[in-house]
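Colleague: coords_16.cif is reproduced in full below (mmCIF, C-alpha atoms and all ligand atoms).
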```cif
data_coords
loop_
_atom_site.label_atom_id
_atom_site.label_comp_id
_atom_site.auth_asym_id
_atom_site.auth_seq_id
_atom_site.Cartn_x
_atom_site.Cartn_y
_atom_site.Cartn_z
CA MET A 1 128.62 -6.66 72.95
CA LYS A 2 129.95 -3.52 71.22
CA ILE A 3 128.46 -0.07 71.62
CA ARG A 4 127.40 1.35 68.24
CA MET A 5 128.05 5.03 67.57
CA ALA A 6 125.12 6.62 65.80
CA GLN A 7 125.52 10.27 66.63
CA LYS A 8 126.87 13.19 64.66
CA THR A 9 129.46 13.94 67.30
CA SER A 10 130.17 17.64 67.01
CA LYS A 11 126.48 18.57 66.99
CA VAL A 12 125.32 16.67 70.05
CA LYS A 13 128.52 16.26 72.09
CA ASN A 14 127.19 18.74 74.52
CA LYS A 15 126.92 19.60 78.17
CA THR A 16 124.43 16.85 78.94
CA GLN A 17 126.65 14.17 77.48
CA HIS A 18 129.69 15.37 79.43
CA PHE A 19 127.67 15.66 82.62
CA TYR A 20 126.36 12.07 82.42
CA ASP A 21 129.75 10.76 81.32
CA ARG A 22 131.13 12.17 84.59
CA VAL A 23 128.38 11.05 86.96
CA ALA A 24 127.35 7.66 85.45
CA ASP A 25 128.84 5.48 88.22
CA VAL A 26 127.67 7.64 91.11
CA HIS A 27 124.20 8.10 89.61
CA ASP A 28 123.79 4.35 89.17
CA PHE A 29 124.95 3.62 92.72
CA MET A 30 122.62 6.22 94.22
CA MET A 31 119.63 4.84 92.32
CA LYS A 32 120.45 1.39 93.62
CA ILE A 33 120.71 2.29 97.28
CA ASN A 34 117.64 4.51 97.39
CA GLY A 35 115.42 1.69 96.11
CA TYR A 36 114.57 3.45 92.82
CA ARG A 37 115.66 0.51 90.66
CA ASP A 38 113.44 -2.04 92.39
CA SER A 39 110.60 0.43 92.31
CA VAL A 40 110.88 0.76 88.52
CA ALA A 41 110.78 -3.03 88.05
CA LYS A 42 107.73 -3.36 90.25
CA PHE A 43 105.71 -0.82 88.28
CA LEU A 44 106.74 -2.01 84.84
CA LYS A 45 105.42 -5.42 85.85
CA SER A 46 101.95 -3.99 86.30
CA MET A 47 101.81 -2.39 82.82
CA ASP A 48 100.01 -4.00 79.89
CA MET A 49 102.75 -3.69 77.26
CA GLU A 50 101.85 -6.60 74.96
CA VAL A 51 105.47 -7.76 74.59
CA ASN A 52 106.17 -11.09 72.85
CA GLU A 53 109.19 -12.96 71.45
CA ASP A 54 109.06 -10.92 68.20
CA SER A 55 108.92 -7.51 69.86
CA LEU A 56 111.54 -4.85 69.22
CA VAL A 57 112.02 -2.49 72.13
CA LEU A 58 113.86 0.81 72.48
CA ASP A 59 114.93 2.26 75.84
CA ALA A 60 115.38 5.88 74.74
CA GLY A 61 117.82 7.76 76.98
CA SER A 62 118.65 4.53 78.77
CA GLY A 63 121.38 5.99 80.99
CA THR A 64 122.92 3.25 83.15
CA GLY A 65 120.21 0.78 82.15
CA ILE A 66 117.89 1.01 85.14
CA VAL A 67 114.69 0.85 83.09
CA THR A 68 115.90 -1.95 80.82
CA LYS A 69 116.95 -3.96 83.85
CA GLY A 70 113.58 -3.32 85.48
CA PHE A 71 111.87 -4.40 82.26
CA TYR A 72 113.69 -7.77 82.16
CA ARG A 73 113.28 -8.18 85.89
CA ALA A 74 109.54 -7.74 85.36
CA ASN A 75 109.83 -10.83 83.13
CA PHE A 76 109.32 -9.24 79.72
CA ARG A 77 111.24 -11.18 77.03
CA PRO A 78 111.25 -9.31 73.69
CA LYS A 79 113.28 -10.33 70.65
CA ASN A 80 115.71 -7.43 71.10
CA THR A 81 116.11 -4.28 73.14
CA ILE A 82 118.15 -1.30 71.98
CA THR A 83 119.44 0.94 74.75
CA LEU A 84 120.25 4.39 73.36
CA ASP A 85 121.90 7.28 75.16
CA LEU A 86 124.13 10.30 74.50
CA SER A 87 126.52 9.28 77.26
CA LEU A 88 129.06 6.62 76.34
CA ASN A 89 130.08 6.10 79.96
CA SER A 90 126.48 5.51 80.98
CA LEU A 91 126.20 2.88 78.24
CA LYS A 92 129.41 1.25 79.48
CA VAL A 93 128.08 1.13 83.04
CA SER A 94 124.82 -0.37 81.74
CA ARG A 95 126.69 -3.02 79.77
CA GLU A 96 128.53 -4.10 82.93
CA GLN A 97 125.23 -4.19 84.78
CA PHE A 98 123.54 -6.34 82.12
CA LYS A 99 126.44 -8.83 82.25
CA LYS A 100 126.07 -9.26 86.01
CA ASP A 101 122.28 -9.19 86.19
CA LYS A 102 120.70 -12.65 86.20
CA TRP A 103 117.41 -11.37 84.79
CA THR A 104 118.64 -9.38 81.81
CA VAL A 105 119.19 -11.43 78.64
CA GLU A 106 122.42 -9.65 77.76
CA LYS A 107 122.79 -11.19 74.29
CA ASP A 108 119.46 -9.64 73.26
CA VAL A 109 120.36 -6.10 74.37
CA PHE A 110 122.22 -3.73 72.01
CA PRO A 111 123.64 -0.40 73.22
CA VAL A 112 123.77 2.51 70.77
CA GLN A 113 125.23 5.94 71.43
CA GLY A 114 122.88 8.49 69.90
CA ASN A 115 120.46 11.37 70.25
CA ILE A 116 116.74 10.83 70.84
CA LEU A 117 116.04 13.70 68.45
CA GLU A 118 117.82 11.95 65.56
CA LEU A 119 117.10 8.29 66.15
CA PRO A 120 119.11 6.13 63.72
CA PHE A 121 116.16 3.85 62.91
CA ALA A 122 113.66 3.60 60.07
CA ASP A 123 110.05 4.69 60.46
CA GLN A 124 107.76 2.14 62.17
CA THR A 125 110.59 -0.05 63.55
CA PHE A 126 109.67 -0.60 67.19
CA ASP A 127 106.80 -2.25 69.04
CA LEU A 128 107.59 -0.51 72.31
CA VAL A 129 109.54 2.54 73.45
CA LEU A 130 110.42 3.02 77.12
CA THR A 131 111.62 6.45 78.14
CA CYS A 132 112.24 7.76 81.63
CA GLY A 133 113.52 11.18 82.67
CA VAL A 134 114.85 12.11 79.22
CA LEU A 135 112.32 14.30 77.39
CA GLU A 136 113.15 16.94 80.01
CA TYR A 137 116.39 17.53 78.06
CA VAL A 138 114.73 18.27 74.72
CA PRO A 139 111.77 20.21 73.31
CA LEU A 140 108.76 18.05 74.17
CA GLU A 141 107.15 18.21 70.73
CA ASP A 142 110.37 17.18 68.93
CA GLY A 143 110.96 14.20 71.21
CA LEU A 144 107.39 12.90 70.99
CA ARG A 145 107.34 13.28 67.19
CA GLU A 146 110.56 11.27 66.88
CA PHE A 147 109.27 8.48 69.17
CA SER A 148 106.08 8.36 67.12
CA ARG A 149 108.07 8.14 63.86
CA ILE A 150 110.03 5.03 64.86
CA LEU A 151 107.09 3.25 66.56
CA LYS A 152 104.81 0.95 64.59
CA THR A 153 101.16 1.97 64.39
CA GLY A 154 99.57 0.53 67.54
CA GLY A 155 103.00 0.37 69.22
CA LYS A 156 103.28 1.47 72.85
CA LEU A 157 105.18 4.26 74.51
CA ILE A 158 105.85 4.01 78.24
CA LEU A 159 106.57 7.60 79.11
CA ILE A 160 107.90 8.28 82.61
CA PRO A 161 108.34 12.04 82.95
CA VAL A 162 109.60 13.97 85.95
CA LYS A 163 106.54 15.42 87.67
CA PRO A 164 106.37 18.89 89.21
CA SER A 165 107.15 18.34 92.92
CA ILE A 166 109.74 19.41 95.49
CA VAL A 167 111.96 16.45 94.57
CA GLY A 168 111.37 17.21 90.88
CA SER A 169 112.56 20.80 91.36
CA VAL A 170 115.67 19.67 93.26
CA LEU A 171 116.50 17.21 90.47
CA GLU A 172 115.85 19.90 87.86
CA PHE A 173 118.52 22.00 89.51
CA LEU A 174 121.03 19.19 90.17
CA TYR A 175 120.69 17.46 86.81
CA ASN A 176 120.22 20.60 84.78
CA PHE A 177 117.03 19.82 82.87
CA LYS A 178 113.70 21.54 82.29
CA LEU A 179 110.49 20.01 83.65
CA HIS A 180 107.55 19.87 81.23
CA PRO A 181 104.19 20.63 82.90
CA ILE A 182 102.08 17.45 82.95
CA LYS A 183 99.17 19.24 81.24
CA GLU A 184 101.46 20.05 78.34
CA VAL A 185 102.81 16.48 78.19
CA LYS A 186 99.24 15.19 77.85
CA GLU A 187 98.22 17.76 75.24
CA ARG A 188 101.28 17.26 73.05
CA ALA A 189 101.22 13.47 73.37
CA GLN A 190 97.63 13.36 72.08
CA ALA A 191 98.77 14.62 68.67
CA TYR A 192 100.49 11.25 68.06
CA PHE A 193 99.20 8.84 70.71
CA GLU A 194 96.04 7.61 72.42
CA ILE A 195 96.50 7.95 76.17
CA GLN A 196 95.63 4.50 77.54
CA GLY A 197 96.52 5.26 81.12
CA ASP A 198 98.27 7.70 83.40
CA TYR A 199 99.38 6.50 86.79
CA LYS A 200 100.76 8.20 89.83
CA PHE A 201 103.12 6.10 91.90
CA PRO A 202 102.39 5.94 95.66
CA VAL A 203 104.70 8.20 97.69
CA THR A 204 106.00 5.13 99.52
CA GLU A 205 107.74 4.13 96.27
CA PRO A 206 111.04 5.93 95.49
CA ILE A 207 110.02 6.37 91.85
CA GLY A 208 106.86 8.16 93.05
CA TRP A 209 108.89 10.96 94.62
CA SER A 210 109.75 12.43 91.24
CA LYS A 211 107.96 10.59 88.44
CA MET A 212 104.63 9.54 86.99
CA ILE A 213 103.90 7.16 84.15
CA PHE A 214 101.86 7.29 80.94
CA LEU A 215 100.89 4.32 78.82
CA LEU A 216 100.42 5.60 75.25
CA GLU A 217 99.52 3.89 71.99
CA LYS A 218 100.63 5.25 68.63
CA LYS A 219 97.69 6.36 66.47
C1 LIG B 1 117.91 11.28 84.34
S1 LIG B 1 118.84 10.24 83.30
C2 LIG B 1 117.68 8.92 83.11
C3 LIG B 1 118.33 7.64 82.67
C4 LIG B 1 117.41 6.42 82.66
N1 LIG B 1 116.35 6.56 81.71
C5 LIG B 1 116.86 6.15 84.04
O1 LIG B 1 115.65 6.24 84.23
O2 LIG B 1 117.65 5.83 84.92
C6 LIG B 1 118.76 11.09 81.75
C7 LIG B 1 119.53 10.37 80.60
O3 LIG B 1 119.14 10.97 79.37
C8 LIG B 1 120.27 11.05 78.54
N2 LIG B 1 119.99 12.08 77.53
C9 LIG B 1 119.74 13.40 77.72
N3 LIG B 1 119.47 14.00 76.54
C10 LIG B 1 119.53 13.04 75.60
C11 LIG B 1 119.37 13.02 74.18
N4 LIG B 1 119.07 14.14 73.51
N5 LIG B 1 119.52 11.86 73.53
C12 LIG B 1 119.83 10.70 74.19
N6 LIG B 1 120.02 10.66 75.52
C13 LIG B 1 119.87 11.80 76.22
C14 LIG B 1 121.40 11.40 79.49
O4 LIG B 1 122.66 11.10 78.92
C15 LIG B 1 121.04 10.53 80.69
O5 LIG B 1 121.65 9.27 80.61
#
```
For the file at hand, write its structure as structure tokens.
Ligand SMILES: C[S@@+](CC[C@H](N)C(=O)[O-])C[C@H]1O[C@@H](n2cnc3c(N)ncnc32)[C@H](O)[C@@H]1O

Modeller:
Amino acid sequence: MKIRMAQKTSKVKNKTQHFYDRVADVHDFMMKINGYRDSVAKFLKSMDMEVNEDSLVLDAGSGTGIVTKGFYRANFRPKNTITLDLSLNSLKVSREQFKKDKWTVEKDVFPVQGNILELPFADQTFDLVLTCGVLEYVPLEDGLREFSRILKTGGKLILIPVKPSIVGSVLEFLYNFKLHPIKEVKERAQAYFEIQGDYKFPVTEPIGWSKMIFLLEKK
């Protein structure tokens, strides 16, 4: 499996990319030992995503592949999944993970290096977009508009933003992003999507310390 390069390098080869290139291994290990990975799988399982064998899925800002792995672990079997991230090292780590993971159907997963603000896909391509902890790096409106563009009408967006909390603020500092207030996320999302559900994870779940989840459908 080769990693496709879809980005205009000089424009987006920025601080974020370098940061995640440096920390990819450590970040992935930490998320494994604190139970975050298993927590993601558990909650994806409970979502009504209407995935079938023809579905095309995008994990936007896939990092080291935690969400994609959780998605396959939750027994979803789409036709193909594209994992897209700025950080080449994160994509390499994810590729190694998919090879080893007995749940992930590695041959169906295609990594692409790229920017969520300039997705290298035609309008109305995907049935489902998964995105976790990434819109915090870009202007909210621009990211949501781009996700809406590449989703089919009626397609789903599983949006897992960082929520305002003590852990969220610590992560904001450590990972150098900007939290979007949840009220604003809802208001902006409604321009392109119907909100079908918003869920708070219980605090006993590691993912609940910093995240919440929205199930959205493209209008
Ligand atoms: C906090 S990590 C989350 C990774 C993964 N979604 C997860 O839940 O484990 C943020 C990821 O977003 C990626 N990222 C940030 N800005 C991006 C952009 N404009 N386009 C694509 N990826 C981006 C980073 O490289 C990093 O891998």

Colleague: Once you count only C-alpha atoms and all ligand atoms, which residues end up within 6 Å of ligand LIG 1 (chain B), and could you hand them over as JSON, numbers by chain?

Modeller: {"A": [16, 17, 20, 61, 62, 63, 66, 67, 85, 86, 87, 114, 115, 116, 117, 131, 132, 133, 134, 137]}

Colleague: Mind giving me the axis-aligned box for stretch 23-39 of chain A with 8 Å on every side, centre plus edges in Å to one decimal, as AutoDock Vina command-line options?

Modeller:
```
--center_x 119.7 --center_y 4.5 --center_z 91.4 --size_x 34.2 --size_y 29.1 --size_z 27.9
```

Colleague: Tell me, in Å to one decimal, how far atom CA of A:Ser148 is from atom CA of A:Asp123.

Modeller: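 Computing it gives 8.6 Å between the two atoms.
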
Colleague: Please list as a PyMOL selection string every residue within 8 Å of A:Ile150, counting all atoms listed in the file and excluding residues in the same chain fewer than 5 positions away.

Modeller: chain A and resi 119+121-126

Colleague: Nearest to A:Tyr192 among A:Leu58, A:Val40, A:Leu157, A:Ala74, with distances taken over all atoms listed in the file: which residue is it?

Modeller: A:Leu157

Colleague: Residues within 10 Å of A:Lys219, please, as a PyMOL selection string. Count only C-alpha atoms; anything in the same chain fewer than 3 positions from it doesn't count.

Modeller: chain A and resi 148+151-156+190-195+216

Colleague: Can you tell me which residues surround A:Tyr72 at a distance of at most 10 Å, considering only C-alpha atoms, apart from same-chain residues fewer than 4 positions away, and format the answer as a PyMOL selection string?

Modeller: chain A and resi 41+44-45+67-68+76-78+81+98+101-106

Colleague: Atom CA of A:Phe214 and atom CA of A:Ser165, how far apart in Å?

Modeller: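 Between atom CA of A:Ser165 and atom CA of A:Phe214 the gap is 17.1 Å.
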
Colleague: Which distance in Å separates atom CA of A:Leu135 and atom CA of A:Thr204, to one decimal?

Modeller: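 If I compute the distance from atom CA of A:Leu135 to atom CA of A:Thr204, I get 24.8 Å.
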
Colleague: Between A:Leu91, A:Glu96, A:Lys218, A:Tyr199, single out the one closest to A:Ala24, counting only C-alpha atoms.

Modeller: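 Nearest to A:Ala24: A:Leu91.
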
Colleague: What's the 9 Å shell around stretch 171-175 of chain A, counting all atoms listed in the file, without same-chain residues fewer than 2 positions away, as a list in words?

Modeller: Thr16, Phe19, Tyr20, Glu136, Val162, Ile166, Val167, Gly168, Ser169, Phe177, Lys178, Leu179 and Ser210 of chain A

Colleague: A:Glu205, A:Glu184, A:Asp127, A:Asp59: which is nearest A:Phe43, counting all atoms listed in the file?

Modeller: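 Looking at the shortest contact to A:Phe43, the residue is A:Glu205.
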
Colleague: Just checking: using only C-alpha atoms, which residue out of A:Ser94, A:Leu88, A:Lys186, A:Met49 ends up closest to A:Asn75?

Modeller: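 Nearest candidate to A:Asn75 out of A:Ser94, A:Leu88, A:Lys186, A:Met49: A:Met49.
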